[in-house]
Amino acid sequence: VSGGGIIFTTIQKFSPAEWNVFDMLSDRTNIVVVADEAHRSQYGFSGRLVAKDDTSEIRYGNAKYLRDALPHASFIWFTGTPIEKEDKDTQKVFWEYIDIYDIKQAVDDGATVPLSYESRLIKIRMNEQAIAQIDEAIDEELPDATVEQIDYAKKKNAQIDAIVWHPERLADVARDIVSHFEARQETFEGKAMIVCMTRNIAVKLYAQIIALRPDWHSDALDDGQIKVVMTSSSDDPADFQAHATTKDQRKILALRLKDPKNSLKLVIVRDMWLTGFDAPCLHTMYVDKKMQGANLMQAIARVNRVYK
């Protein structure tokens, strides 16, 4: 602004074609770009070839498009999880750290609590009958699929699913979670989140848990001690439908989980609520899913809030 004012705006994710219309938006030096959650999308100086109809084109990421548009601007980034990969390196994009506030400092300041970890070993039981059950399950979930689609789905999911959601394994997981959570409640009352690899596993684990504790179940949105929180559609299998929720309904569940006095104590998720979800009374996370890097760091931070 010519008078020296400040403009706050949001940088949208334009397509390459739209950015190219504005090859340079401004060459001013008094522009500051502030990127929050900078580990997510602020990369892409190197081009990649992308097929488009009968041709192909080179596309870049937000890092290049922003700097082409604002070549003399200053860039400042915020992130709780800077990353360092071959094609994504937060410091190479934004340069040196201005300030660091790490986990130890947060614990020392009393802003968060320290985390403790317990490993679990769940024995895997596999046989020909189990493999046959997986084939039947995939066929049931893809009733109208082509042979090629079914084969692809089996190759992609059968190995992991056969191991992870085998009924006997999930029964072991359910027993361990129930016994651990009840013992935890005797020591320190709070709430917990269970992270599963797929929606299918989440639904089946729910069934195993309520088989052990039927009184935890309720069909009502505003009742019950355990819920599955996941995306859903009308095409989902029948056993998914009981857990189908709208965006507004998930907001109700979120408020229930955040309320220490509410009866909702456990939620089973796949990806939802693993970032940006703040519930101080959430004190335990059961992770039955391969997680690493920024996703893991953000997920475990759900349970480090100061509570009581």
# chains A, B, ... in the order shown; residues from 1 in each chain; ligands from 1
>>> residues_around(residues="stretch 80-90 of chain A", least_positions_apart="5", cutoff="8 Å", atoms="only C-alpha atoms", output="PyMOL selection string")
chain A and resi 37-39+42-44+95+293-294+297-298
>>> write_last_selection(atoms="N, CA and C atoms", output="PDB file, in the first residue's frame")
ATOM      1  N   GLU A  37       2.612 -23.641   8.474  1.00  0.00           N
ATOM      2  CA  GLU A  37       2.655 -25.057   8.086  1.00  0.00           C
ATOM      3  C   GLU A  37       3.547 -25.233   6.854  1.00  0.00           C
ATOM      4  N   ALA A  38       4.718 -24.615   6.882  1.00  0.00           N
ATOM      5  CA  ALA A  38       5.565 -24.519   5.691  1.00  0.00           C
ATOM      6  C   ALA A  38       6.125 -25.860   5.233  1.00  0.00           C
ATOM      7  N   HIS A  39       6.030 -26.877   6.070  1.00  0.00           N
ATOM      8  CA  HIS A  39       6.555 -28.188   5.660  1.00  0.00           C
ATOM      9  C   HIS A  39       5.648 -28.870   4.648  1.00  0.00           C
ATOM     10  N   GLN A  42       5.510 -25.919   0.474  1.00  0.00           N
ATOM     11  CA  GLN A  42       6.397 -24.865  -0.013  1.00  0.00           C
ATOM     12  C   GLN A  42       7.659 -25.408  -0.678  1.00  0.00           C
ATOM     13  N   TYR A  43       7.482 -26.256  -1.651  1.00  0.00           N
ATOM     14  CA  TYR A  43       8.617 -26.871  -2.330  1.00  0.00           C
ATOM     15  C   TYR A  43       8.353 -26.878  -3.834  1.00  0.00           C
ATOM     16  N   GLY A  44       9.295 -27.413  -4.593  1.00  0.00           N
ATOM     17  CA  GLY A  44       9.062 -27.569  -6.020  1.00  0.00           C
ATOM     18  C   GLY A  44       9.828 -26.614  -6.905  1.00  0.00           C
ATOM     19  N   TRP A  95      16.029 -20.816   4.192  1.00  0.00           N
ATOM     20  CA  TRP A  95      17.303 -20.460   4.805  1.00  0.00           C
ATOM     21  C   TRP A  95      17.315 -20.751   6.306  1.00  0.00           C
ATOM     22  N   GLY A 293       8.131 -39.296  10.277  1.00  0.00           N
ATOM     23  CA  GLY A 293       8.340 -37.915   9.847  1.00  0.00           C
ATOM     24  C   GLY A 293       7.354 -36.932  10.444  1.00  0.00           C
ATOM     25  N   ALA A 294       6.984 -35.939   9.644  1.00  0.00           N
ATOM     26  CA  ALA A 294       6.111 -34.860  10.102  1.00  0.00           C
ATOM     27  C   ALA A 294       4.756 -35.383  10.548  1.00  0.00           C
ATOM     28  N   MET A 297       5.112 -36.794  14.085  1.00  0.00           N
ATOM     29  CA  MET A 297       5.348 -35.744  15.073  1.00  0.00           C
ATOM     30  C   MET A 297       4.071 -34.953  15.366  1.00  0.00           C
ATOM     31  N   GLN A 298       3.312 -34.655  14.325  1.00  0.00           N
ATOM     32  CA  GLN A 298       2.084 -33.905  14.537  1.00  0.00           C
ATOM     33  C   GLN A 298       1.032 -34.746  15.245  1.00  0.00           C
TER      34      GLN A 298
END
>>> residues_around(residues="A:Lys104", least_positions_apart="5", cutoff="12 Å", atoms="only C-alpha atoms", output="number ranges by chain")
A: 109-115, 304
>>> closest_residue(among="A:Leu70, A:Met285, A:Val303, A:Ala238", to="A:Asn200", atoms="only C-alpha atoms")
A:Ala238
>>> residues_around(residues="stretch 239-254 of chain A", least_positions_apart="6", cutoff="7 Å", atoms="only C-alpha atoms", output="PyMOL selection string")
chain A and resi 203+228+232
>>> write_last_selection(atoms="all heavy atoms", output="mmCIF file, in the first residue's frame")
data_model
loop_
_atom_site.group_PDB
_atom_site.id
_atom_site.type_symbol
_atom_site.label_atom_id
_atom_site.label_comp_id
_atom_site.auth_asym_id
_atom_site.auth_seq_id
_atom_site.Cartn_x
_atom_site.Cartn_y
_atom_site.Cartn_z
ATOM 1 N N VAL A 203 -13.196 -50.116 11.433
ATOM 2 C CA VAL A 203 -14.536 -50.669 11.648
ATOM 3 C C VAL A 203 -14.462 -52.028 12.340
ATOM 4 O O VAL A 203 -15.213 -52.318 13.272
ATOM 5 C CB VAL A 203 -15.283 -50.781 10.300
ATOM 6 C CG1 VAL A 203 -16.571 -51.593 10.452
ATOM 7 C CG2 VAL A 203 -15.593 -49.389 9.750
ATOM 8 N N VAL A 228 -16.150 -44.394 15.901
ATOM 9 C CA VAL A 228 -15.231 -44.373 14.767
ATOM 10 C C VAL A 228 -15.421 -43.038 14.058
ATOM 11 O O VAL A 228 -16.546 -42.657 13.729
ATOM 12 C CB VAL A 228 -15.498 -45.533 13.787
ATOM 13 C CG1 VAL A 228 -14.560 -45.436 12.582
ATOM 14 C CG2 VAL A 228 -15.326 -46.869 14.484
ATOM 15 N N SER A 232 -16.893 -41.005 4.915
ATOM 16 C CA SER A 232 -17.791 -42.081 4.479
ATOM 17 C C SER A 232 -18.526 -41.656 3.220
ATOM 18 O O SER A 232 -18.586 -40.477 2.888
ATOM 19 C CB SER A 232 -18.796 -42.418 5.591
ATOM 20 O OG SER A 232 -19.516 -41.257 5.969
#
>>> closest_residue(among="A:Arg256, A:Lys290, A:Arg175, A:Lys123", to="A:Asp271", atoms="only C-alpha atoms")
A:Lys290
>>> select_by_dssp(residues="stretch 164-240 of chain A", states="helix (DSSP H, G or I)", output="ChimeraX atom specification")
/A:164,167-187,199-212,214-216,238-240
>>> residues_around(residues="A:Met230", least_positions_apart="5", cutoff="7 Å", atoms="only C-alpha atoms", output="short mmCIF file (atom, residue, chain, number, x, y, z; two decimals) with all heavy atoms, in the first residue's frame")
data_model
loop_
_atom_site.label_atom_id
_atom_site.label_comp_id
_atom_site.auth_asym_id
_atom_site.auth_seq_id
_atom_site.Cartn_x
_atom_site.Cartn_y
_atom_site.Cartn_z
N VAL A 269 -9.63 -43.65 14.63
CA VAL A 269 -9.47 -42.83 13.43
C VAL A 269 -8.46 -43.49 12.49
O VAL A 269 -7.73 -44.40 12.87
CB VAL A 269 -8.99 -41.40 13.78
CG1 VAL A 269 -9.93 -40.73 14.76
CG2 VAL A 269 -7.56 -41.43 14.35
N ARG A 270 -8.45 -42.98 11.26
CA ARG A 270 -7.38 -43.34 10.33
C ARG A 270 -6.48 -42.13 10.11
O ARG A 270 -5.30 -42.15 10.41
CB ARG A 270 -7.94 -43.83 9.00
CG ARG A 270 -6.84 -44.32 8.06
CD ARG A 270 -7.34 -44.64 6.68
NE ARG A 270 -7.68 -43.43 5.94
CZ ARG A 270 -7.98 -43.40 4.63
NH1 ARG A 270 -7.98 -44.52 3.93
NH2 ARG A 270 -8.28 -42.28 4.04
N MET A 272 -8.18 -38.65 10.33
CA MET A 272 -8.85 -37.49 10.92
C MET A 272 -8.35 -37.21 12.33
O MET A 272 -8.02 -38.12 13.08
CB MET A 272 -10.36 -37.72 10.96
CG MET A 272 -11.03 -37.52 9.62
SD MET A 272 -12.80 -37.42 9.77
CE MET A 272 -13.21 -36.87 8.12
#
>>> closest_residue(among="A:Ser263, A:Met197, A:Arg302, A:Ser46", to="A:Asp215", atoms="only C-alpha atoms")
A:Ser263
>>> atom_distance(atom1="atom CA of A:Arg28", atom2="atom CA of A:Phe94")
18.8 Å
>>> atom_distance(atom1="atom CA of A:Ala279", atom2="atom CA of A:Lys258")
4.8 Å
